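K.L.:
Next comes target.cif, mmCIF, C-alpha atoms and all ligand atoms:
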```
data_target
loop_
_atom_site.label_atom_id
_atom_site.label_comp_id
_atom_site.auth_asym_id
_atom_site.auth_seq_id
_atom_site.Cartn_x
_atom_site.Cartn_y
_atom_site.Cartn_z
CA MET H 1 130.18 101.05 98.18
CA LYS H 2 132.94 102.08 95.80
CA GLY H 3 135.77 99.61 95.77
CA LEU H 4 133.62 96.65 96.69
CA PHE H 5 134.20 95.12 93.30
CA PRO H 6 137.87 95.54 92.44
CA ILE H 7 137.29 93.07 89.61
CA THR H 8 137.81 95.62 86.89
CA ARG H 9 141.52 95.87 87.58
CA ARG H 10 143.28 94.41 84.58
CA LYS H 11 146.11 92.59 86.22
CA LYS H 12 147.36 89.17 85.34
CA GLU H 13 146.93 86.90 88.31
CA SER H 14 147.26 83.19 88.73
CA ILE H 15 144.09 81.10 88.59
CA PRO H 16 144.21 80.08 92.34
CA ALA H 17 144.71 83.73 93.34
CA LEU H 18 141.79 84.79 91.21
CA PHE H 19 139.69 81.99 92.65
CA ALA H 20 140.57 83.06 96.21
CA ALA H 21 139.77 86.67 95.36
CA VAL H 22 136.38 85.70 93.99
CA ILE H 23 135.60 83.69 97.14
CA LEU H 24 136.64 86.65 99.29
CA ILE H 25 134.49 89.04 97.32
CA ILE H 26 131.49 86.74 97.57
CA ALA H 27 132.08 86.35 101.32
CA ALA H 28 132.42 90.12 101.76
CA TRP H 29 129.21 90.66 99.79
CA PHE H 30 127.41 88.03 101.84
CA PHE H 31 128.46 89.28 105.24
CA ALA H 32 128.64 93.02 104.64
CA SER H 33 125.89 94.85 106.47
CA ASP H 34 125.57 97.75 104.11
CA PRO H 35 128.11 100.01 105.82
CA GLU H 36 126.85 103.24 104.31
CA ARG H 37 123.40 102.79 105.77
CA GLY H 38 124.65 101.82 109.20
CA PRO H 39 122.46 100.61 112.02
CA GLY H 40 119.61 102.68 113.35
CA GLY H 41 119.30 104.92 110.30
CA LEU H 42 119.71 108.05 112.39
CA SER H 43 121.17 110.16 109.66
CA VAL H 44 120.13 111.05 106.14
CA PRO H 45 121.75 108.52 103.85
CA SER H 46 124.40 110.18 101.72
CA SER H 47 123.42 110.88 98.16
CA ASP H 48 125.49 108.03 96.76
CA ALA H 49 124.36 105.44 99.27
CA VAL H 50 121.30 104.66 97.23
CA GLY H 51 120.35 103.62 93.77
CA SER H 52 122.96 102.52 91.31
CA GLU H 53 125.63 101.75 93.88
CA THR H 54 123.66 99.34 96.01
CA GLY H 55 121.17 97.98 93.50
CA ASP H 56 118.47 98.61 96.08
CA ILE H 57 115.31 100.58 95.79
CA SER H 58 114.58 103.21 98.43
CA VAL H 59 111.07 104.41 99.13
CA TYR H 60 110.75 107.40 101.45
CA TYR H 61 107.38 108.13 103.00
CA LEU H 62 108.22 111.73 103.75
CA ASP H 63 106.97 113.40 106.86
CA VAL H 64 105.22 116.42 105.38
CA GLY H 65 102.81 116.92 108.27
CA GLN H 66 99.14 116.62 107.29
CA GLY H 67 99.70 115.64 103.67
CA ASP H 68 101.36 113.11 101.39
CA SER H 69 104.70 112.85 99.67
CA GLU H 70 106.66 109.76 98.69
CA LEU H 71 110.03 109.62 97.03
CA ILE H 72 111.18 106.51 95.19
CA ARG H 73 114.84 106.16 94.27
CA LEU H 74 115.54 103.51 91.69
CA PRO H 75 118.83 101.65 91.28
CA THR H 76 119.22 103.38 87.91
CA GLY H 77 119.53 106.69 89.77
CA GLU H 78 116.11 107.80 88.56
CA ASN H 79 113.68 109.37 91.00
CA ILE H 80 109.92 109.28 91.26
CA LEU H 81 108.07 111.77 93.46
CA ILE H 82 104.45 111.10 94.29
CA ASP H 83 102.80 114.22 95.73
CA ALA H 84 104.55 117.11 97.43
CA GLY H 85 102.66 117.89 100.64
CA LEU H 86 101.32 121.30 101.67
CA SER H 87 102.80 124.57 100.39
CA ASP H 88 103.92 125.42 103.94
CA GLY H 89 106.35 122.52 103.82
CA ALA H 90 107.64 123.15 100.28
CA GLU H 91 110.86 124.81 101.45
CA HIS H 92 111.59 121.93 103.76
CA LEU H 93 110.77 119.36 101.09
CA THR H 94 113.11 120.79 98.46
CA ALA H 95 115.84 121.20 101.12
CA TYR H 96 115.43 117.55 102.06
CA LEU H 97 115.57 116.40 98.44
CA GLU H 98 118.70 118.50 98.01
CA GLN H 99 120.20 116.88 101.10
CA LEU H 100 119.53 113.45 99.62
CA GLY H 101 121.26 114.51 96.43
CA VAL H 102 118.06 114.44 94.39
CA HIS H 103 118.35 117.01 91.62
CA LYS H 104 116.03 115.50 89.07
CA ILE H 105 112.57 114.02 89.39
CA ASP H 106 112.17 111.77 86.39
CA TYR H 107 108.54 111.00 87.10
CA LEU H 108 106.49 113.49 89.06
CA ILE H 109 103.02 112.34 90.03
CA ALA H 110 100.33 114.59 91.47
CA THR H 111 97.76 112.06 92.66
CA HIS H 112 94.95 114.63 92.74
CA PRO H 113 94.74 118.41 92.98
CA HIS H 114 94.18 118.89 96.72
CA ALA H 115 96.43 121.29 98.63
CA ASP H 116 97.89 118.63 100.94
CA HIS H 117 99.20 116.76 97.89
CA ILE H 118 100.14 119.47 95.39
CA GLY H 119 101.02 122.32 97.76
CA GLY H 120 104.75 121.83 97.30
CA MET H 121 104.58 121.09 93.56
CA ALA H 122 105.28 124.63 92.30
CA LYS H 123 108.53 124.80 94.26
CA VAL H 124 109.62 121.28 93.31
CA ILE H 125 108.93 122.00 89.63
CA SER H 126 110.74 125.35 89.72
CA GLU H 127 113.79 124.15 91.58
CA LEU H 128 114.44 120.66 90.27
CA GLU H 129 114.93 119.22 86.84
CA ILE H 130 111.68 117.49 85.89
CA GLY H 131 111.01 114.65 83.47
CA LYS H 132 107.36 113.74 83.04
CA ILE H 133 104.47 115.02 85.13
CA TYR H 134 101.33 112.99 85.64
CA LEU H 135 98.01 114.33 86.88
CA PRO H 136 94.49 112.91 86.70
CA LYS H 137 91.99 114.65 84.46
CA VAL H 138 89.04 115.84 86.52
CA ALA H 139 85.60 116.85 85.26
CA ASP H 140 85.45 120.49 84.11
CA ASP H 141 83.18 121.61 86.92
CA GLN H 142 85.53 120.13 89.53
CA VAL H 143 88.76 121.69 88.29
CA PRO H 144 90.14 123.56 91.30
CA THR H 145 90.40 127.30 91.33
CA THR H 146 92.80 127.30 94.25
CA ARG H 147 96.04 129.26 94.46
CA VAL H 148 98.14 126.10 94.89
CA TYR H 149 96.68 124.57 91.74
CA GLU H 150 97.27 127.76 89.75
CA ASN H 151 100.81 127.99 91.10
CA MET H 152 101.53 124.45 90.01
CA LEU H 153 100.23 125.10 86.49
CA ASP H 154 102.22 128.34 86.29
CA ALA H 155 105.40 126.51 87.29
CA VAL H 156 104.74 123.84 84.64
CA LYS H 157 104.19 126.52 81.99
CA LYS H 158 107.23 128.55 82.98
CA LYS H 159 109.44 125.52 82.49
CA GLY H 160 107.83 124.64 79.18
CA LEU H 161 106.74 121.26 80.54
CA ARG H 162 103.69 119.29 79.55
CA LEU H 163 101.21 117.45 81.74
CA THR H 164 100.36 113.85 81.03
CA GLN H 165 96.99 112.49 82.09
CA GLY H 166 97.38 109.64 84.56
CA LYS H 167 94.73 106.91 84.51
CA ALA H 168 94.17 103.22 85.18
CA GLY H 169 95.97 100.84 82.87
CA MET H 170 99.05 102.98 82.14
CA THR H 171 102.53 101.59 82.53
CA VAL H 172 104.74 104.53 83.36
CA LEU H 173 108.04 102.75 83.71
CA GLU H 174 109.32 99.33 82.84
CA GLN H 175 112.89 98.28 83.45
CA ASP H 176 114.73 95.02 84.15
CA ASN H 177 113.62 94.80 87.72
CA ALA H 178 111.19 97.69 88.19
CA ARG H 179 107.75 98.52 86.93
CA LEU H 180 105.43 101.37 87.76
CA GLU H 181 101.82 101.23 86.68
CA PHE H 182 98.65 103.14 87.40
CA LEU H 183 95.59 101.25 88.64
CA ALA H 184 93.27 104.24 89.09
CA PRO H 185 91.39 106.43 88.33
CA ALA H 186 89.29 104.21 86.11
CA LYS H 187 86.45 106.63 85.38
CA ASP H 188 86.22 110.12 83.88
CA GLU H 189 83.93 111.41 86.59
CA TYR H 190 83.58 111.00 90.33
CA ASN H 191 81.61 112.98 92.88
CA ASP H 192 84.58 113.40 95.16
CA LEU H 193 87.92 114.81 94.04
CA ASN H 194 89.69 112.21 96.23
CA ASN H 195 88.46 109.41 93.98
CA TYR H 196 90.30 110.87 91.00
CA SER H 197 93.51 109.96 92.84
CA ILE H 198 96.12 108.24 90.74
CA VAL H 199 96.85 104.92 92.41
CA ALA H 200 100.30 103.65 91.51
CA LYS H 201 101.74 100.19 91.92
CA LEU H 202 105.49 99.75 91.99
CA THR H 203 107.00 96.32 91.51
CA PHE H 204 110.67 95.81 92.27
CA GLY H 205 111.90 92.26 91.93
CA LYS H 206 109.55 90.22 94.09
CA ARG H 207 108.37 93.20 96.14
CA THR H 208 105.42 95.48 95.56
CA PHE H 209 104.38 98.90 96.84
CA LEU H 210 100.97 100.49 96.46
CA PHE H 211 100.49 104.26 96.57
CA THR H 212 96.87 105.21 96.85
CA GLY H 213 96.71 109.01 97.24
CA ASP H 214 93.34 109.77 98.78
CA ALA H 215 91.37 107.15 96.81
CA GLU H 216 88.17 106.26 98.63
CA LYS H 217 85.65 103.45 98.71
CA GLU H 218 84.33 103.94 95.16
CA SER H 219 87.78 103.77 93.56
CA GLU H 220 88.88 100.93 95.85
CA GLN H 221 85.85 98.89 94.81
CA GLN H 222 86.61 99.49 91.14
CA MET H 223 90.19 98.33 91.66
CA VAL H 224 89.11 95.21 93.51
CA LYS H 225 86.70 94.39 90.71
CA LYS H 226 89.23 95.05 87.96
CA TYR H 227 92.45 93.70 89.48
CA GLY H 228 91.32 91.32 92.23
CA ASP H 229 94.20 89.53 93.92
CA SER H 230 96.76 91.15 91.69
CA LEU H 231 96.34 94.19 93.96
CA ARG H 232 98.42 92.18 96.42
CA SER H 233 101.23 94.43 97.71
CA ASP H 234 103.86 94.18 100.42
CA VAL H 235 103.66 97.83 101.40
CA LEU H 236 100.46 99.86 101.32
CA LYS H 237 100.45 103.63 101.59
CA VAL H 238 97.09 103.81 103.33
CA GLY H 239 94.49 105.84 101.44
CA HIS H 240 93.38 109.29 102.56
CA HIS H 241 95.67 109.57 105.60
CA GLY H 242 93.96 106.68 107.37
CA SER H 243 90.47 108.14 107.06
CA SER H 244 87.51 105.76 107.38
CA SER H 245 86.53 106.79 103.83
CA SER H 246 89.24 104.42 102.57
CA THR H 247 90.92 101.07 103.31
CA THR H 248 87.64 99.20 102.97
CA ALA H 249 87.65 95.60 104.16
CA GLY H 250 87.43 94.25 100.61
CA PHE H 251 90.34 96.36 99.41
CA LEU H 252 92.52 95.42 102.36
CA LYS H 253 91.74 91.77 101.79
CA ALA H 254 92.86 92.04 98.17
CA VAL H 255 96.03 94.02 98.95
CA LEU H 256 96.98 91.97 102.01
CA PRO H 257 100.01 94.09 102.88
CA GLN H 258 102.77 93.24 105.31
CA TYR H 259 103.33 96.90 106.11
CA ALA H 260 100.98 99.87 106.03
CA ILE H 261 102.19 103.45 106.06
CA ILE H 262 99.92 106.23 107.22
CA SER H 263 100.91 109.75 106.25
CA CYS H 264 99.29 112.36 108.50
CA GLY H 265 100.08 115.30 110.76
CA LYS H 266 100.49 115.15 114.51
CA ASP H 267 97.23 116.02 116.30
CA ASN H 268 95.58 116.90 112.99
CA ASP H 269 92.10 118.42 112.85
CA TYR H 270 90.63 115.49 110.93
CA GLY H 271 91.21 112.82 113.53
CA HIS H 272 93.41 110.92 111.04
CA PRO H 273 94.04 108.08 111.24
CA HIS H 274 90.59 106.91 112.26
CA LYS H 275 90.40 104.26 114.99
CA GLU H 276 88.30 102.01 112.80
CA ILE H 277 91.07 101.79 110.20
CA LEU H 278 93.76 101.14 112.80
CA SER H 279 91.65 98.30 114.20
CA ARG H 280 91.05 96.91 110.73
CA LEU H 281 94.78 96.92 109.99
CA SER H 282 95.61 95.42 113.33
CA ALA H 283 93.00 92.66 112.89
CA ALA H 284 94.59 91.86 109.52
CA LYS H 285 97.97 91.63 111.30
CA VAL H 286 99.46 94.46 109.28
CA LYS H 287 102.41 96.28 110.81
CA VAL H 288 101.58 99.98 110.78
CA TYR H 289 104.01 102.89 110.52
CA ARG H 290 102.88 106.50 110.89
CA THR H 291 104.63 109.66 109.80
CA ASP H 292 102.99 111.62 112.65
CA GLU H 293 104.65 109.32 115.17
CA GLN H 294 107.78 108.12 113.43
CA GLY H 295 108.60 110.94 111.03
CA THR H 296 109.95 110.02 107.63
CA ILE H 297 109.84 106.28 107.01
CA LEU H 298 112.28 104.61 104.64
CA VAL H 299 111.50 101.22 103.13
CA SER H 300 114.29 99.73 101.07
CA SER H 301 114.55 96.49 99.17
CA ASP H 302 116.98 94.49 97.08
CA GLY H 303 114.01 92.95 95.32
CA THR H 304 113.64 90.17 97.89
CA ASP H 305 114.02 91.51 101.42
CA LEU H 306 112.30 94.59 102.78
CA THR H 307 113.90 96.83 105.38
CA VAL H 308 111.98 99.53 107.22
CA LYS H 309 113.84 102.38 108.87
CA THR H 310 112.49 105.13 111.06
CA GLY H 311 114.31 107.73 113.11
CA LEU H 312 115.29 109.67 110.01
CA PRO H 313 115.31 113.46 110.36
CA LEU H 314 111.85 115.01 110.42
CA LEU H 315 110.79 116.82 107.32
CA ALA H 316 107.85 118.80 108.59
CA ALA H 317 108.77 122.09 110.18
CA SER H 318 108.31 121.62 113.89
ZN ZN H 401 94.96 114.25 101.34
#
```
Translate this structure into structure tokens?
P.N.:
Amino acid sequence: MKGLFPITRRKKESIPALFAAVILIIAAWFFASDPERGPGGLSVPSSDAVGSETGDISVYYLDVGQGDSELIRLPTGENILIDAGLSDGAEHLTAYLEQLGVHKIDYLIATHPHADHIGGMAKVISELEIGKIYLPKVADDQVPTTRVYENMLDAVKKKGLRLTQGKAGMTVLEQDNARLEFLAPAKDEYNDLNNYSIVAKLTFGKRTFLFTGDAEKESEQQMVKKYGDSLRSDVLKVGHHGSSSSTTAGFLKAVLPQYAIISCGKDNDYGHPHKEILSRLSAAKVKVYRTDEQGTILVSSDGTDLTVKTGLPLLAAS
């Protein structure tokens, strides 16, 4: 979009000429159809086609197979990565981020320490510049002893980074037009590791995005009780890959999304997404997108309109 605003040229021009130029610029702005994005979205947007140059926010629901990973690119040029999929896909994930021109993750969020969410973390942390890392604090007897968890902690240590505990009520980022806050976990102890999931709400202008990790019924109920209708979001990343353990009727009613994104692997062993959840979403007239069917899904917004693009290159190794 360089050159769209040739206003900075310091040249003396007559008032009518300036006036005409301003009208032309406004008209060009009004009618331009974002030339760098192009129709169809068949290619990876170039690194400078997002963020500061367009003023738009871009939210990628990355196709990491049976797992979760979402990349948010802010107009400031800052990046937020929520989860990093399975370790198998780590190579592909970092290559994809590289392709998008993402070299720094300003806010890295591990929703909860399950392998399909933190598998790629060690590689992301080692290879990219990292700002802050958020992780929920789980009860001592539930702290994982898995290789992926250890690898993530090793990578954090090697880089001299520190972990910040993510919990309900935190505001992670607040800028002119953008705000990121955590709505869960609200408790110190849950029976299921999934319920420790950090649930993040992103507000950009008039638009809102909810990222739920694998939060289940118990956490959803707490959020409904605590936040009620302010859970309302335009785009919902459906909890727990569309499992029937999540997206309870009460939660869906409070969130009332326009779009729902389900992140899961093709023909996965868990039967995700469950039929019951698809029916519930369909009955609520929510438009559903699925990474197993559509690959990486890109939702962008100027703060008012929302644009959904599919047909982007697949991230999961096929
Ligand atoms: Zn999961």
K.L.:
Once you count all atoms listed in the file, which residues end up within 9 Å of ligand ZN 401 (chain H), and could you hand them over as a ChimeraX atom specification?
P.N.:
/H:66-68,85,112,114-117,194,213-214,239-241,263-264
K.L.:
Please determine, counting all atoms listed in the file, which residue among H:Ile80, H:Leu278, H:Ala122, H:Leu173 has the shortest atom-to-atom distance to H:Ala155.
P.N.:
H:Ala122
K.L.:
For H:Phe182, list every protein, DNA or RNA residue within 9 Å, evaluated using all atoms listed in the file, and leave out those in the same chain fewer than 5 positions away; present the list as a PyMOL selection string.
P.N.:
chain H and resi 166-172+198-202
K.L.:
For H:Gly120, which of H:Ser87, H:Ser244, H:Ser58, H:Thr291 is the closest residue, counting only C-alpha atoms?
P.N.:
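Once distances to H:Gly120 are computed over only C-alpha atoms, the minimum belongs to H:Ser87.
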K.L.:
Which one is closest to H:Lys287: H:Thr203, H:Gln258, H:Gln222, H:Gln99? Count only C-alpha atoms.
P.N.:
H:Gln258
K.L.:
Between H:Arg73, H:Lys225, H:Lys253, H:Lys132, which residue has the minimum interatomic distance to H:Ala184, considering only C-alpha atoms?
P.N.:
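For H:Ala184, the nearest of the given residues is H:Lys225.
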K.L.:
Of the candidates H:Leu74, H:Ile57, H:Ile133, H:Met152, which one gets nearest to H:Met121 if we count only C-alpha atoms?
P.N.:
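Using only C-alpha atoms, the shortest distance to H:Met121 belongs to H:Met152.
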K.L.:
Under the rule that all atoms listed in the file are counted, which of H:Leu180, H:Leu71, H:Val143, H:Leu281 is the nearest residue to H:Ala249?
P.N.:
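Looking at the shortest contact to H:Ala249, the residue is H:Leu281.
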K.L.:
Just give me the gap between atom CA of H:Lys217 and atom CA of H:Ala260 in Å, one decimal is fine.
P.N.:
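Computed distance, atom CA of H:Lys217 to atom CA of H:Ala260, equals 17.4 Å.
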K.L.:
One decimal, Å: what's the distance from atom CA of H:Ala215 over to atom CA of H:Leu193, could you say?
P.N.:
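Rounded to one decimal, the two atoms are 8.8 Å apart.
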K.L.:
In Å, how far is it from atom CA of H:Gly131 to atom CA of H:Lys104?
P.N.:
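Atom CA of H:Lys104 lies 7.6 Å from atom CA of H:Gly131.
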K.L.:
Report as AutoDock Vina command-line options the centre and the edge lengths, in Å to one decimal, of the axis-aligned box holding every listed atom of stretch 106-113 of chain H, padded by 3 Å on each side.
P.N.:
```
--center_x 103.5 --center_y 114.7 --center_z 89.7 --size_x 23.4 --size_y 13.4 --size_z 12.6
```
K.L.:
Contacts between stretch 232-237 of chain H and stretch 37-125 of chain H, please, where a residue of stretch 37-125 of chain H counts if it comes within 12 Å (with all atoms listed in the file); show its shortest atom pair and distance in Å to one decimal, rows by chain and ascending number, as a tab-separated table.
P.N.:
```
residue	atom	partner	partner_atom	distance
H:Val59	CA	H:Val235	CA	10.2
H:Tyr60	CA	H:Lys237	CA	11.0
H:Tyr61	CA	H:Lys237	CA	8.4
H:Leu62	CA	H:Lys237	CA	11.4
H:Asp68	CA	H:Lys237	CA	9.5
H:Ser69	CA	H:Lys237	CA	10.3
H:Glu70	CA	H:Lys237	CA	9.2
H:Ile82	CA	H:Lys237	CA	11.2
```
K.L.:
Tell me which protein, DNA and RNA residues are within 6 Å of H:Val238, counting only C-alpha atoms, leaving out same-chain ones fewer than 3 positions away, and put them as a list in words.
P.N.:
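Listing them by chain and then by number gives Gly242, Ile261 and Ile262 of chain H.
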K.L.:
Hey, what's within 8 Å of H:Leu93 if we count only C-alpha atoms and toss same-chain stuff fewer than 4 positions away? As a PDB file with C-alpha atoms, in the coordinates of the input, please?
P.N.:
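Contents of selection-v3.pdb, freshly written:
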```
ATOM      1  CA  VAL H  64     105.220 116.420 105.380  1.00  0.00           C
ATOM      2  CA  ALA H  84     104.550 117.110  97.430  1.00  0.00           C
ATOM      3  CA  GLY H  89     106.350 122.520 103.820  1.00  0.00           C
ATOM      4  CA  LEU H  97     115.570 116.400  98.440  1.00  0.00           C
ATOM      5  CA  GLY H 120     104.750 121.830  97.300  1.00  0.00           C
ATOM      6  CA  LEU H 315     110.790 116.820 107.320  1.00  0.00           C
TER       7      LEU H 315
END
```
